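A.B. asks: I'd like to ask you about the structure that follows.
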Amino acid sequence: MMNFNYYTPTKVIFGKNEENNVGKFVSDFGGKKVLIHYGGGSAVRSGLIDKVKKSLEESGIEYVELGGVKPNPRLSLIYEGIKLSKENGVDFILAVGGGSVIDSAKGIGYGISNPEIKDVWDLYLGKEKANTCAPIGVVLTIAAAGSEMSGGSVVTNEDGQVKRSYNTDYSRPKFAIMNPEITYTLPEYQISSGSVDIMMHILERYFTPEPNLEVTDEISEGILRTMIKNSRLSLENPKNYDARAEIMWCGSLAHNGLTGCGGIGDWASHQLEHELSGVYDVAHGAGLAAVWGSWARYVYKENPNKFARLGEKVFGIEKIENVDNMAIKTIEAMENFFRSIKMPISIKELLDREITNEEVLILAEKCSNNGQRTIGSFKKLDKEDMKNIYLMAR
């Protein structure tokens, strides 16, 4: 087990009707002028934004609002949020939504609190480093990204269709309100895509070059089993409170650092997918499902025993002498689960068409930063490797 720091400062308020108390928690963390940040019309139509406003008003907190966040949040809206917040003296950002809204809020938070940084996009390009972030609170509406307890954010720059991430502890939300009932109205596709996203946050940490992670692996395997069971139950009955609650809590545990303690994450599948969603604007979880199997087949020989353990512990695959065969059975079992919740397992299924060789080269070029970087830690992948995986996945 490697040395590690485990830091999870976010206060979690979990359960029914807790969104009605959001004003109290904003006040507890010093918010006096709030930017309410949200996505499409569902948060408005459902009455959630009205509940949030009422709670803020009852706590004597002023607010301005900015909706319109799209999946794969856009840099242009972050610029708009920075401008609006500065003009109105915003000192606290309240993200009402899922990962895209929270990530957009983090970008705004960096932009209004680091005046020496002229362009917040430079953080995501690695040209600048933040010294702080405006405080952020969350009313979670989608269990998927885990951004409500993490320091990461992912943003898409429409200029060039480039998707990049930035991670610091400064942007970890001060609190996260999680009411599973809010997720009842999610479309089936979003439930499934979110479930894959949660599971991939586990798998990216599970496949590490560090060999001795018994307790961390056991935690990860338990969350994966829980996700497989409750994803299916949620699709059968989206108003199954217990299933929705399990998934919502799994989403936070999957990405708050717990399942990475003592190891180093791989994250190659995420990097490969970021280019897919950056170029084709697909749902992140669906994109991950489309590339994971090809990544796994490309790298499993680095440590087939880890894949075999996953198969035994999560899917109940019986041990066999040929560990390579067991590893392949595990990959197939994961893909069969993705199929069972109607997720794609190839780029063709994701886009409903096969991408061209030219498109593959563009994706590999973007993912490798024009050949300037490698990705992954389970197996380091260069531009040629990325191209080969995209070809396998297409």
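Chain labels follow the order of the structure tokens: the first chain is A, the next B, and so on; residue numbering restarts at 1 in every chain, and ligands are counted from 1 in their shown order.
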Mind checking which residues fall within 12 Å of Leu84 of chain A, counting only C-alpha atoms, ignoring those fewer than 5 positions away in the same chain, and posting them as a PyMOL selection string?
C.D. replies: chain A and resi 33-37+63-67+77-79+89-91+93+108-109+111-112
A.B. asks: Segment 196-246 of chain A: which residues are alpha helix (DSSP H) by DSSP, as a PyMOL selection string?
C.D. replies: chain A and resi 196-206+214-236+241-246
A.B. asks: Taking only C-alpha atoms into account, name the residue in A:Asn303, A:Asn336, A:Thr8, A:Asn157 that is nearest to Asp324 of chain A.
C.D. replies: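 Looking only at the distances to Asp324 of chain A, the closest residue turns out to be A:Asn303.
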A.B. asks: In Å, with one decimal, what is the gap from atom CA of Gly262 of chain A to atom CA of Phe14 of chain A?
C.D. replies: 27.7 Å
A.B. asks: When you draw a straight line from atom CA of Met343 of chain A to atom CA of Pro187 of chain A, how long is it in Å?
C.D. replies: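 Computing it gives 13.3 Å between the two atoms.
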A.B. asks: Leaving out Gly278 of chain A and any residue of its chain fewer than 2 positions from it, which residues lie within 6 Å of it when counting only C-alpha atoms, given as number ranges by chain?
C.D. replies: A: 161-163, 274-276, 280-281
A.B. asks: Go through A:Val314, A:Ser195, A:Pro115, A:Gln190 and flag the residue nearest Ile219 of chain A, using only C-alpha atoms for the distances.
C.D. replies: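 Smallest separation from Ile219 of chain A among the options: A:Val314.
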A.B. asks: For atom CA of Arg373 of chain A and atom CA of Thr168 of chain A, determine how far apart the two atoms are, in Å to one decimal place.
C.D. replies: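 Pair atom CA of Arg373 of chain A / atom CA of Thr168 of chain A returns 20.8 Å.
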A.B. asks: So which one's closest to Ile182 of chain A, A:Leu233, A:Leu48, A:Ala145, A:Ala130? Using only C-alpha atoms, please.
C.D. replies: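 Ranked by minimum distance to Ile182 of chain A, first place goes to A:Leu48.
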A.B. asks: Hey, what's within 9 Å of Leu363 of chain A if we count only C-alpha atoms and toss same-chain stuff fewer than 5 positions away? As a list of chain:residue names, please?
C.D. replies: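 These residues fall inside the cut-off: A:Leu272, A:Glu275, A:Leu276, A:Val279, A:Glu358, A:Ser368, A:Met386, A:Lys387, A:Tyr390.
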A.B. asks: With a distance cut-off of 12 Å and only C-alpha atoms, select the neighbouring residues of His201 of chain A, excluding the residue or stretch itself and same-chain residues fewer than 3 positions from it, and output the selection as a ChimeraX atom specification.
C.D. replies: /A:144-147,150,194-198,204-207,220,223-224,227,250-260,265-270,284-285,288,292
A.B. asks: Residues near Asp28 of chain A, anyone? I mean within 12 Å using only C-alpha atoms, not counting same-chain ones fewer than 4 positions away, as a list in words.
C.D. replies: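 Result of the neighbour search: Lys11, Asn21, Val22, Gly23, Lys24, Lys32, Leu56, Ser59, Ile61, Phe92, Pro135, Gly137, Lys174 and Phe175 of chain A.
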A.B. asks: Closest to Ser165 of chain A among A:Gln271, A:Ser27, A:Ser346, A:Asn179, using only C-alpha atoms?
C.D. replies: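 Under the stated criterion, the closest residue is A:Gln271.
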A.B. asks: Which residues of segment 158-211 of chain A come within 9 Å of segment 98-106 of chain A, and what is each one's closest atom pair and distance in Å (one decimal), counting only C-alpha atoms, sorted by chain and residue number, as a Markdown table?
C.D. replies:
| residue | atom | partner | partner_atom | distance |
| --- | --- | --- | --- | --- |
| A:Ser171 | CA | A:Lys106 | CA | 5.9 |
| A:Arg172 | CA | A:Lys106 | CA | 8.5 |
| A:Pro173 | CA | A:Lys106 | CA | 8.7 |
A.B. asks: Segment 272-360 of chain A near segment 376-382 of chain A within 10 Å: what's each residue's closest atom pair and its distance in Å to one decimal, counting only C-alpha atoms, ordered by chain then ascending residue number, as CSV?
C.D. replies:
residue,atom,partner,partner_atom,distance
A:Tyr298,CA,A:Lys379,CA,9.2
A:Val299,CA,A:Lys379,CA,6.3
A:Tyr300,CA,A:Lys379,CA,8.8
A:Lys301,CA,A:Lys379,CA,9.5
A:Glu302,CA,A:Lys379,CA,6.8
A:Asn303,CA,A:Phe378,CA,8.3
A.B. asks: Which is closer to Tyr7 of chain A than all the others in A:Cys261, A:Ile247, A:Ile328, A:Leu350, using only C-alpha atoms?
C.D. replies: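 Closest residue, counting only C-alpha atoms: A:Cys261.
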A.B. asks: Counting only C-alpha atoms, what is within 10 Å of Ser42 of chain A, bar same-chain residues fewer than 6 positions away, as a list in words?
C.D. replies: Leu48, Ile49, Gly97, Thr141, Thr185 and Leu186 of chain A
A.B. asks: Selection from above, all heavy atoms, as an mmCIF file, in the first residue's frame, can you write it?
C.D. replies:
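File produced: result-v7.cif:
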data_model
loop_
_atom_site.group_PDB
_atom_site.id
_atom_site.type_symbol
_atom_site.label_atom_id
_atom_site.label_comp_id
_atom_site.auth_asym_id
_atom_site.auth_seq_id
_atom_site.Cartn_x
_atom_site.Cartn_y
_atom_site.Cartn_z
ATOM 1 N N LEU A 48 -38.199 22.302 -7.954
ATOM 2 C CA LEU A 48 -37.020 22.264 -7.087
ATOM 3 C C LEU A 48 -36.388 23.644 -6.940
ATOM 4 O O LEU A 48 -36.019 24.051 -5.834
ATOM 5 C CB LEU A 48 -35.998 21.263 -7.644
ATOM 6 C CG LEU A 48 -34.689 21.127 -6.856
ATOM 7 C CD1 LEU A 48 -34.957 20.724 -5.407
ATOM 8 C CD2 LEU A 48 -33.767 20.115 -7.535
ATOM 9 N N ILE A 49 -36.273 24.391 -8.040
ATOM 10 C CA ILE A 49 -35.663 25.723 -7.955
ATOM 11 C C ILE A 49 -36.507 26.634 -7.072
ATOM 12 O O ILE A 49 -35.967 27.430 -6.276
ATOM 13 C CB ILE A 49 -35.482 26.333 -9.362
ATOM 14 C CG1 ILE A 49 -34.478 25.502 -10.181
ATOM 15 C CG2 ILE A 49 -34.995 27.785 -9.252
ATOM 16 C CD1 ILE A 49 -33.079 25.438 -9.610
ATOM 17 N N GLY A 97 -28.129 20.364 -9.391
ATOM 18 C CA GLY A 97 -28.047 19.496 -10.562
ATOM 19 C C GLY A 97 -27.104 18.333 -10.319
ATOM 20 O O GLY A 97 -26.822 17.956 -9.183
ATOM 21 N N THR A 141 -29.147 16.228 -8.037
ATOM 22 C CA THR A 141 -30.324 15.732 -8.733
ATOM 23 C C THR A 141 -30.053 14.466 -9.537
ATOM 24 O O THR A 141 -30.995 13.811 -9.984
ATOM 25 C CB THR A 141 -30.880 16.800 -9.699
ATOM 26 O OG1 THR A 141 -29.902 17.065 -10.717
ATOM 27 C CG2 THR A 141 -31.225 18.086 -8.962
ATOM 28 N N THR A 185 -37.543 10.959 -11.400
ATOM 29 C CA THR A 185 -38.044 11.300 -12.738
ATOM 30 C C THR A 185 -36.976 11.202 -13.832
ATOM 31 O O THR A 185 -37.241 11.535 -14.979
ATOM 32 C CB THR A 185 -38.615 12.730 -12.738
ATOM 33 O OG1 THR A 185 -37.598 13.652 -12.315
ATOM 34 C CG2 THR A 185 -39.801 12.825 -11.788
ATOM 35 N N LEU A 186 -35.790 10.725 -13.478
ATOM 36 C CA LEU A 186 -34.738 10.621 -14.486
ATOM 37 C C LEU A 186 -35.125 9.626 -15.585
ATOM 38 O O LEU A 186 -35.678 8.566 -15.300
ATOM 39 C CB LEU A 186 -33.428 10.142 -13.844
ATOM 40 C CG LEU A 186 -32.686 11.133 -12.951
ATOM 41 C CD1 LEU A 186 -31.484 10.440 -12.307
ATOM 42 C CD2 LEU A 186 -32.221 12.342 -13.751
#
